[in-house]
file final.tsv (TSV, C-alpha atoms and all ligand atoms)
chain	number	residue	atom	x	y	z
M	253	MET	CA	0.00	0.00	0.00
M	254	SER	CA	1.42	3.41	-0.91
M	255	SER	CA	1.95	5.98	1.79
M	256	VAL	CA	2.03	9.76	2.12
M	257	THR	CA	4.16	11.98	4.33
M	258	LEU	CA	2.80	15.21	5.72
M	259	THR	CA	3.78	17.72	8.39
M	260	ILE	CA	1.47	18.37	11.34
M	261	ASN	CA	2.40	21.17	13.72
M	262	GLY	CA	5.99	20.91	12.47
M	263	GLN	CA	6.20	17.16	12.97
M	264	GLN	CA	6.49	14.77	10.01
M	265	VAL	CA	4.27	11.71	9.86
M	266	THR	CA	3.90	8.98	7.26
M	267	VAL	CA	0.53	7.24	6.90
M	268	PRO	CA	-1.09	4.92	4.34
M	269	LYS	CA	-2.71	6.74	1.39
M	270	GLY	CA	-6.36	7.38	2.15
M	271	THR	CA	-5.79	8.16	5.84
M	272	SER	CA	-7.65	11.22	7.11
M	273	VAL	CA	-5.75	14.18	8.55
M	274	LEU	CA	-7.45	13.39	11.87
M	275	TYR	CA	-5.93	9.89	12.03
M	276	ALA	CA	-2.55	11.11	10.81
M	277	ALA	CA	-2.57	13.56	13.72
M	278	ARG	CA	-3.62	10.87	16.17
M	279	LYS	CA	-0.72	8.71	15.01
M	280	ILE	CA	1.74	11.27	16.43
M	281	GLY	CA	-0.34	12.02	19.53
M	282	VAL	CA	-1.86	15.30	18.31
M	283	ASP	CA	-5.33	15.59	19.81
M	284	ILE	CA	-7.88	17.16	17.45
M	285	PRO	CA	-11.32	17.52	19.05
M	286	THR	CA	-14.21	15.59	17.50
M	287	LEU	CA	-17.93	15.45	18.18
M	288	CYS	CA	-19.60	13.77	15.19
M	289	HIS	CA	-16.74	11.41	14.36
M	290	ASP	CA	-16.62	7.79	15.51
M	291	GLN	CA	-14.21	5.27	14.07
M	292	GLU	CA	-16.94	2.61	14.02
M	293	LEU	CA	-19.28	4.77	11.93
M	294	THR	CA	-19.17	6.30	8.45
M	295	ARG	CA	-17.52	9.70	8.24
M	296	PHE	CA	-20.03	12.52	8.50
M	297	GLY	CA	-18.18	15.86	8.71
M	298	ALA	CA	-21.13	17.64	10.31
M	299	CYS	CA	-19.99	19.31	13.53
M	300	ARG	CA	-16.82	21.00	12.13
M	301	ILE	CA	-15.12	21.07	15.54
M	302	CYS	CA	-12.20	19.14	14.01
M	303	VAL	CA	-11.25	21.92	11.57
M	304	VAL	CA	-7.55	22.48	10.88
M	305	GLU	CA	-5.55	25.04	8.93
M	306	ILE	CA	-3.86	23.89	5.73
M	307	PRO	CA	-1.97	26.71	3.99
M	308	GLY	CA	-3.18	27.05	0.39
M	309	MET	CA	-6.74	26.01	1.23
M	310	ARG	CA	-9.22	28.89	1.37
M	311	ASN	CA	-11.33	27.48	4.19
M	312	LEU	CA	-10.56	25.48	7.30
M	313	PRO	CA	-11.34	21.87	6.32
M	314	ALA	CA	-12.74	19.28	8.70
M	315	SER	CA	-9.84	16.92	9.43
M	316	CYS	CA	-12.08	13.86	9.84
M	317	VAL	CA	-13.17	14.00	6.20
M	318	THR	CA	-9.99	15.43	4.64
M	319	GLU	CA	-7.53	12.97	3.18
M	320	ALA	CA	-3.88	13.43	4.08
M	321	THR	CA	-1.76	14.05	0.99
M	322	ASP	CA	1.96	13.99	0.32
M	323	GLY	CA	3.70	17.21	1.34
M	324	MET	CA	0.61	18.59	3.10
M	325	VAL	CA	1.26	21.02	5.93
M	326	VAL	CA	-1.30	21.11	8.74
M	327	PHE	CA	-1.76	23.31	11.80
M	328	THR	CA	-4.22	21.98	14.35
M	329	GLU	CA	-4.26	24.79	16.95
M	330	SER	CA	-3.50	27.95	14.98
M	331	GLU	CA	-5.20	31.23	15.88
M	332	ALA	CA	-7.73	30.81	13.05
M	333	VAL	CA	-8.50	27.23	14.09
M	334	VAL	CA	-9.00	28.11	17.74
M	335	GLU	CA	-11.22	31.05	16.80
M	336	ALA	CA	-13.34	28.82	14.55
M	337	ARG	CA	-13.70	26.15	17.25
M	338	LYS	CA	-14.76	28.75	19.81
M	339	THR	CA	-17.45	30.05	17.45
M	340	ILE	CA	-18.66	26.52	16.67
M	341	LEU	CA	-18.94	25.76	20.39
M	342	GLU	CA	-20.70	29.07	21.08
M	343	LEU	CA	-23.22	28.28	18.34
M	344	MET	CA	-23.89	24.83	19.80
M	345	LEU	CA	-24.27	26.25	23.29
M	346	ALA	CA	-26.57	29.03	22.05
M	347	ASN	CA	-29.35	26.47	21.95
M	348	HIS	CA	-28.32	24.34	24.89
M	349	PRO	CA	-29.74	24.35	28.43
M	350	ILE	CA	-26.22	24.59	29.99
M	351	ASP	CA	-27.50	22.78	33.08
M	352	CYS	CA	-24.24	20.90	33.60
M	353	LEU	CA	-24.60	20.87	37.39
M	354	ILE	CA	-27.58	18.53	37.23
M	355	CYS	CA	-26.83	16.78	33.93
M	356	SER	CA	-26.18	13.03	34.08
M	357	LYS	CA	-23.34	13.49	31.56
M	358	ASN	CA	-21.54	16.09	33.70
M	359	GLY	CA	-17.83	15.28	33.61
M	360	ALA	CA	-18.23	12.86	30.71
M	361	CYS	CA	-19.65	15.26	28.13
M	362	SER	CA	-17.52	16.11	25.08
M	363	LEU	CA	-19.26	19.45	24.60
M	364	GLN	CA	-18.50	20.41	28.20
M	365	ASN	CA	-14.90	19.22	27.87
M	366	TYR	CA	-14.27	21.27	24.73
M	367	ALA	CA	-16.01	24.35	26.16
M	368	TYR	CA	-13.57	24.09	29.07
M	369	ARG	CA	-10.59	23.48	26.77
M	370	TYR	CA	-11.35	26.54	24.63
M	371	ASP	CA	-12.65	28.76	27.44
M	372	VAL	CA	-16.14	29.08	25.96
M	373	GLN	CA	-18.88	30.34	28.29
M	374	GLY	CA	-21.93	29.80	26.08
M	375	ASN	CA	-23.22	33.38	26.25
M	376	ALA	CA	-22.09	34.78	22.89
M	377	PHE	CA	-25.37	34.28	21.03
M	378	PRO	CA	-28.35	34.80	23.36
M	379	GLY	CA	-31.69	34.00	21.75
M	380	GLU	CA	-34.50	31.49	21.50
M	381	LYS	CA	-33.91	28.00	22.91
M	382	HIS	CA	-35.83	24.79	22.42
M	383	ASN	CA	-38.08	23.60	25.17
M	384	TYR	CA	-38.76	20.01	24.18
M	385	PRO	CA	-40.37	17.80	26.83
M	386	ILE	CA	-37.93	15.21	28.18
M	387	GLU	CA	-38.96	11.78	26.91
M	388	ASN	CA	-38.95	9.45	29.87
M	389	GLU	CA	-41.87	7.08	29.30
M	390	ASN	CA	-40.02	3.98	28.12
M	391	PRO	CA	-38.12	1.79	30.65
M	392	PHE	CA	-34.65	2.12	29.11
M	393	ILE	CA	-33.66	5.42	27.50
M	394	VAL	CA	-34.18	9.04	28.53
M	395	ARG	CA	-34.14	11.46	25.58
M	396	ASP	CA	-33.54	15.15	26.14
M	397	MET	CA	-33.52	16.71	22.70
M	398	ASN	CA	-32.78	20.12	24.23
M	399	LYS	CA	-29.21	18.88	24.62
M	400	CYS	CA	-28.84	17.31	21.18
M	401	ILE	CA	-26.12	18.87	19.01
M	402	LEU	CA	-27.27	17.08	15.83
M	403	CYS	CA	-23.99	15.24	15.43
M	404	GLY	CA	-25.90	12.30	13.93
M	405	LYS	CA	-23.90	9.63	15.72
M	406	CYS	CA	-27.08	8.01	17.09
M	407	VAL	CA	-28.65	7.99	13.61
M	408	ARG	CA	-25.61	6.25	12.11
M	409	ALA	CA	-25.25	3.84	15.05
M	410	CYS	CA	-28.88	2.76	14.70
M	411	ALA	CA	-28.45	2.19	10.96
M	412	GLU	CA	-24.89	0.87	10.78
M	413	ILE	CA	-24.38	-1.02	14.05
M	414	GLN	CA	-27.91	-2.22	14.61
M	415	GLY	CA	-29.15	-2.19	11.00
M	416	ARG	CA	-32.49	-0.70	12.01
M	417	SER	CA	-32.66	3.02	11.07
M	418	VAL	CA	-35.36	3.69	13.63
M	419	ILE	CA	-34.24	7.30	14.12
M	420	ASP	CA	-33.26	9.97	11.61
M	421	PHE	CA	-33.10	13.73	11.18
M	422	ALA	CA	-36.50	15.40	11.03
M	423	TYR	CA	-37.69	18.95	10.35
M	424	ARG	CA	-35.46	21.78	9.13
M	425	GLY	CA	-33.48	24.77	10.40
M	426	PHE	CA	-34.03	25.70	14.05
M	427	ASP	CA	-36.62	22.89	14.36
M	428	ALA	CA	-34.27	20.17	13.10
M	429	LYS	CA	-34.09	17.25	15.51
M	430	VAL	CA	-33.40	13.53	15.66
M	431	SER	CA	-36.56	11.52	15.95
M	432	PRO	CA	-38.25	8.22	15.10
M	433	ALA	CA	-40.64	8.30	12.14
M	434	MET	CA	-43.69	10.54	12.66
M	435	ASP	CA	-41.92	12.04	15.67
M	436	LEU	CA	-43.21	9.14	17.78
M	437	PRO	CA	-41.75	8.49	21.24
M	438	LEU	CA	-39.12	5.73	21.22
M	439	GLY	CA	-41.46	3.39	23.06
M	440	GLU	CA	-43.99	3.56	20.23
M	441	SER	CA	-41.40	3.14	17.48
M	442	GLU	CA	-39.56	0.08	16.15
M	443	CYS	CA	-36.73	0.71	18.65
M	444	VAL	CA	-35.47	-2.44	20.38
M	445	PHE	CA	-33.55	-0.44	23.01
M	446	CYS	CA	-30.20	-1.96	22.13
M	447	GLY	CA	-28.49	1.12	23.57
M	448	SER	CA	-26.20	1.72	20.57
M	449	CYS	CA	-27.43	5.31	20.30
M	450	VAL	CA	-26.84	6.00	23.99
M	451	ALA	CA	-23.32	4.56	23.78
M	452	VAL	CA	-22.23	7.01	21.07
M	453	CYS	CA	-24.05	10.18	22.21
M	454	PRO	CA	-21.31	12.72	23.09
M	455	VAL	CA	-23.62	14.91	25.20
M	456	GLY	CA	-26.51	14.46	27.65
M	457	ALA	CA	-29.21	14.04	25.00
M	458	LEU	CA	-29.46	10.27	25.45
M	459	SER	CA	-29.04	8.55	28.81
M	460	GLU	CA	-29.47	5.03	30.05
M	461	LYS	CA	-32.34	5.13	32.48
M	462	ALA	CA	-31.02	2.36	34.69
M	463	MET	CA	-27.88	4.41	35.32
M	464	LEU	CA	-29.53	7.67	36.34
M	465	GLY	CA	-28.72	8.51	39.94
M	466	LYS	CA	-26.52	5.39	40.24
M	467	GLY	CA	-23.17	7.10	39.82
M	468	ARG	CA	-21.07	9.05	37.34
M	469	THR	CA	-19.53	7.37	34.30
M	470	TRP	CA	-16.11	7.17	35.95
M	471	GLU	CA	-17.58	5.64	39.11
M	472	VAL	CA	-19.04	2.69	37.25
M	473	LYS	CA	-17.09	-0.51	36.67
M	474	LYS	CA	-17.69	-2.56	33.52
M	475	VAL	CA	-18.34	-6.25	34.07
M	476	ARG	CA	-18.98	-9.03	31.56
M	477	THR	CA	-22.62	-10.00	31.85
M	478	THR	CA	-25.66	-11.04	29.89
M	479	CYS	CA	-27.47	-8.08	28.36
M	480	PRO	CA	-30.44	-7.42	30.64
M	481	PHE	CA	-32.53	-5.85	27.88
M	482	CYS	CA	-33.67	-8.83	25.89
M	483	GLY	CA	-32.17	-11.97	27.39
M	484	VAL	CA	-30.64	-13.13	24.08
M	485	GLY	CA	-27.29	-13.50	25.80
M	486	CYS	CA	-25.14	-11.11	23.78
M	487	ASN	CA	-22.61	-10.86	26.61
M	488	TYR	CA	-22.17	-7.13	26.18
M	489	ASP	CA	-19.58	-5.52	28.43
S	501	LIG	FE1	-15.02	16.22	12.06
S	501	LIG	FE2	-17.38	16.49	13.31
S	501	LIG	S1	-15.59	15.51	14.02
S	501	LIG	S2	-16.74	17.31	11.41
call {"tool": "encode", "arguments": {"input": "final.tsv", "output": "structure tokens", "more": "lines below"}}
Ligand code: FES
result
Amino acid sequence: MSSVTLTINGQQVTVPKGTSVLYAARKIGVDIPTLCHDQELTRFGACRICVVEIPGMRNLPASCVTEATDGMVVFTESEAVVEARKTILELMLANHPIDCLICSKNGACSLQNYAYRYDVQGNAFPGEKHNYPIENENPFIVRDMNKCILCGKCVRACAEIQGRSVIDFAYRGFDAKVSPAMDLPLGESECVFCGSCVAVCPVGALSEKAMLGKGRTWEVKKVRTTCPFCGVGCNYD
């Protein structure tokens, strides 16, 4: 397989042709933030938090969907990149409850982590916020669409990991949201509550009901057991 050599933040790295800039950076320990990217799912390029600066390119490309090329020069934390990331985070937080103190994802939320990393307060764009009711009727998953950042990881996990496509993007513009068909609650949809969507959600939009009030993510130990949801015996960790 042919390879390409590029320079990231002054450091040379050689990767197989076809590798994204994001993975080339990871190979040398350069941490580029991501929200919509997951190595188990198809590339999406939606959130733009992973933008980088590549001299010669007019815009800041998303590193997760940009292929590394021979001789490419990349800056991952330049002034322009940091400014863009701050604005992206401010825009996400403009329509977010920012109730981190009582959020089940507090301390394990990527949006919170990046807001901290880039010193973003969430008050740059005051305006209308969603006020969706929290969906809590089914026994397994709590959905709080007020916290959704439309990264689409849950949509892809449902389709690509579970092969079901129960949820998808619905509506447009400010009203865009992730929802089962006809905007039904999960409990009335074809959802089998496999938990794939909860596992990939980077924020507090999807939570496992059984875990609420039982401890923070880092306080919980994983054990090999039989999945309690359906009794098939998948032996999920
Ligand atoms: Fe690259 Fe979202 S992580 S666009």
call {"tool": "residues_near_ligand", "arguments": {"input": "final.tsv", "ligand": "ligand LIG 501 (chain S)", "cutoff": "10 Å", "atoms": "all atoms listed in the file", "output": "CSV table (one decimal) with C-alpha atoms, keeping the file's coordinate frame"}}
result
chain,number,residue,atom,x,y,z
M,274,LEU,CA,-7.4,13.4,11.9
M,284,ILE,CA,-7.9,17.2,17.4
M,285,PRO,CA,-11.3,17.5,19.0
M,286,THR,CA,-14.2,15.6,17.5
M,287,LEU,CA,-17.9,15.4,18.2
M,288,CYS,CA,-19.6,13.8,15.2
M,289,HIS,CA,-16.7,11.4,14.4
M,290,ASP,CA,-16.6,7.8,15.5
M,295,ARG,CA,-17.5,9.7,8.2
M,296,PHE,CA,-20.0,12.5,8.5
M,297,GLY,CA,-18.2,15.9,8.7
M,298,ALA,CA,-21.1,17.6,10.3
M,299,CYS,CA,-20.0,19.3,13.5
M,300,ARG,CA,-16.8,21.0,12.1
M,301,ILE,CA,-15.1,21.1,15.5
M,302,CYS,CA,-12.2,19.1,14.0
M,303,VAL,CA,-11.2,21.9,11.6
M,304,VAL,CA,-7.6,22.5,10.9
M,313,PRO,CA,-11.3,21.9,6.3
M,314,ALA,CA,-12.7,19.3,8.7
M,315,SER,CA,-9.8,16.9,9.4
M,316,CYS,CA,-12.1,13.9,9.8
M,317,VAL,CA,-13.2,14.0,6.2
M,318,THR,CA,-10.0,15.4,4.6
M,403,CYS,CA,-24.0,15.2,15.4
M,404,GLY,CA,-25.9,12.3,13.9
M,405,LYS,CA,-23.9,9.6,15.7
call {"tool": "closest_residue", "arguments": {"input": "final.tsv", "among": "M:Ser459, M:Trp470, M:Tyr423, M:Val475", "to": "Gly359 (chain M)", "atoms": "only C-alpha atoms"}}
result
M:Trp470
call {"tool": "residues_around", "arguments": {"input": "final.tsv", "residues": "region 392-397 of chain M", "least_positions_apart": "3", "cutoff": "8 Å", "atoms": "all atoms listed in the file", "output": "number ranges by chain"}}
result
M: 384-389, 400, 429-430, 445, 447, 450, 456-462
call {"tool": "closest_residue", "arguments": {"input": "final.tsv", "among": "M:Val334, M:Val325, M:Ala277, M:Ile401", "to": "Ala428 (chain M)", "atoms": "only C-alpha atoms"}}
result
M:Ile401
call {"tool": "closest_atom_pairs", "arguments": {"input": "final.tsv", "of": "region 444-478 of chain M", "to": "region 361-376 of chain M", "cutoff": "9 Å", "atoms": "all atoms listed in the file", "output": "CSV"}}
result
residue,atom,partner,partner_atom,distance
M:Cys453,CA,M:Cys361,CA,9.0
M:Pro454,CA,M:Ser362,CA,5.5
M:Val455,CA,M:Cys361,CA,4.9
M:Gly456,CA,M:Cys361,CA,6.9
call {"tool": "residues_near_point", "arguments": {"input": "final.tsv", "point": "(2.6, 11.9, 7.7)", "cutoff": "9 Å", "atoms": "only C-alpha atoms", "output": "PyMOL selection string"}}
result
chain M and resi 255-260+263-268+273+276-277+279-280+320-324
call {"tool": "closest_residue", "arguments": {"input": "final.tsv", "among": "M:Val472, M:Ala409, M:Leu464, M:Ala451", "to": "Leu293 (chain M)", "atoms": "all atoms listed in the file"}}
result
M:Ala409
call {"tool": "closest_residue", "arguments": {"input": "final.tsv", "among": "M:Ser272, M:Asn390, M:Glu292, M:Met309", "to": "Glu440 (chain M)", "atoms": "all atoms listed in the file"}}
result
M:Asn390
call {"tool": "atom_distance", "arguments": {"input": "final.tsv", "atom1": "CA of Val407 (chain M)", "atom2": "CA of Ile419 (chain M)"}}
result
5.7 Å
call {"tool": "closest_residue", "arguments": {"input": "final.tsv", "among": "M:Glu471, M:Asp435, M:Asp427, M:Asp351", "to": "Glu380 (chain M)", "atoms": "all atoms listed in the file"}}
result
M:Asp427
call {"tool": "decode", "arguments": {"input": "final.tsv", "residues": "region 299-332 of chain M", "atoms": "N, CA and C atoms", "output": "CSV table (one decimal), in the first residue's frame"}}
result
chain,number,residue,atom,x,y,z
M,299,CYS,N,-20.1,18.4,12.4
M,299,CYS,CA,-20.0,19.3,13.5
M,299,CYS,C,-18.9,20.4,13.3
M,300,ARG,N,-17.9,20.1,12.5
M,300,ARG,CA,-16.8,21.0,12.1
M,300,ARG,C,-15.9,21.3,13.3
M,301,ILE,N,-16.0,20.7,14.4
M,301,ILE,CA,-15.1,21.1,15.5
M,301,ILE,C,-13.7,20.6,15.2
M,302,CYS,N,-13.5,19.7,14.3
M,302,CYS,CA,-12.2,19.1,14.0
M,302,CYS,C,-11.5,19.9,12.9
M,303,VAL,N,-11.9,21.2,12.6
M,303,VAL,CA,-11.2,21.9,11.6
M,303,VAL,C,-9.8,22.1,11.9
M,304,VAL,N,-9.0,22.2,10.8
M,304,VAL,CA,-7.6,22.5,10.9
M,304,VAL,C,-7.2,23.5,9.8
M,305,GLU,N,-6.0,24.1,9.9
M,305,GLU,CA,-5.5,25.0,8.9
M,305,GLU,C,-4.5,24.4,8.0
M,306,ILE,N,-4.8,24.4,6.7
M,306,ILE,CA,-3.9,23.9,5.7
M,306,ILE,C,-3.5,25.0,4.8
M,307,PRO,N,-2.3,25.6,4.9
M,307,PRO,CA,-2.0,26.7,4.0
M,307,PRO,C,-2.2,26.4,2.5
M,308,GLY,N,-2.8,27.3,1.8
M,308,GLY,CA,-3.2,27.0,0.4
M,308,GLY,C,-4.6,26.7,0.2
M,309,MET,N,-5.3,26.3,1.3
M,309,MET,CA,-6.7,26.0,1.2
M,309,MET,C,-7.5,27.3,1.7
M,310,ARG,N,-8.5,27.7,1.0
M,310,ARG,CA,-9.2,28.9,1.4
M,310,ARG,C,-9.9,28.8,2.7
M,311,ASN,N,-10.6,27.7,3.0
M,311,ASN,CA,-11.3,27.5,4.2
M,311,ASN,C,-10.6,26.6,5.1
M,312,LEU,N,-11.1,26.4,6.3
M,312,LEU,CA,-10.6,25.5,7.3
M,312,LEU,C,-11.3,24.2,7.1
M,313,PRO,N,-10.6,23.1,6.6
M,313,PRO,CA,-11.3,21.9,6.3
M,313,PRO,C,-11.5,21.0,7.6
M,314,ALA,N,-12.5,20.2,7.6
M,314,ALA,CA,-12.7,19.3,8.7
M,314,ALA,C,-11.8,18.1,8.6
M,315,SER,N,-10.9,17.9,9.6
M,315,SER,CA,-9.8,16.9,9.4
M,315,SER,C,-10.4,15.5,9.3
M,316,CYS,N,-11.6,15.2,9.9
M,316,CYS,CA,-12.1,13.9,9.8
M,316,CYS,C,-12.5,13.4,8.5
M,317,VAL,N,-12.7,14.4,7.6
M,317,VAL,CA,-13.2,14.0,6.2
M,317,VAL,C,-12.2,14.5,5.1
M,318,THR,N,-11.0,14.9,5.6
M,318,THR,CA,-10.0,15.4,4.6
M,318,THR,C,-8.9,14.4,4.6
M,319,GLU,N,-8.6,14.0,3.4
M,319,GLU,CA,-7.5,13.0,3.2
M,319,GLU,C,-6.1,13.6,3.3
M,320,ALA,N,-5.3,13.0,4.0
M,320,ALA,CA,-3.9,13.4,4.1
M,320,ALA,C,-3.2,13.2,2.7
M,321,THR,N,-2.5,14.2,2.3
M,321,THR,CA,-1.8,14.0,1.0
M,321,THR,C,-0.3,14.3,1.2
M,322,ASP,N,0.5,13.8,0.2
M,322,ASP,CA,2.0,14.0,0.3
M,322,ASP,C,2.4,15.5,0.3
M,323,GLY,N,3.2,15.8,1.3
M,323,GLY,CA,3.7,17.2,1.3
M,323,GLY,C,2.8,18.2,2.0
M,324,MET,N,1.6,17.7,2.4
M,324,MET,CA,0.6,18.6,3.1
M,324,MET,C,1.2,19.1,4.4
M,325,VAL,N,0.9,20.4,4.7
M,325,VAL,CA,1.3,21.0,5.9
M,325,VAL,C,0.0,21.4,6.7
M,326,VAL,N,-0.1,21.0,8.0
M,326,VAL,CA,-1.3,21.1,8.7
M,326,VAL,C,-1.0,21.8,10.1
M,327,PHE,N,-1.8,22.7,10.5
M,327,PHE,CA,-1.8,23.3,11.8
M,327,PHE,C,-3.1,23.0,12.5
M,328,THR,N,-3.0,22.4,13.7
M,328,THR,CA,-4.2,22.0,14.4
M,328,THR,C,-4.7,22.9,15.5
M,329,GLU,N,-3.8,23.9,15.9
M,329,GLU,CA,-4.3,24.8,16.9
M,329,GLU,C,-3.8,26.2,16.6
M,330,SER,N,-3.9,26.6,15.3
M,330,SER,CA,-3.5,28.0,15.0
M,330,SER,C,-4.6,28.9,15.5
M,331,GLU,N,-4.3,30.2,15.4
M,331,GLU,CA,-5.2,31.2,15.9
M,331,GLU,C,-6.5,31.1,15.2
M,332,ALA,N,-6.5,30.9,13.8
M,332,ALA,CA,-7.7,30.8,13.0
M,332,ALA,C,-8.5,29.6,13.4
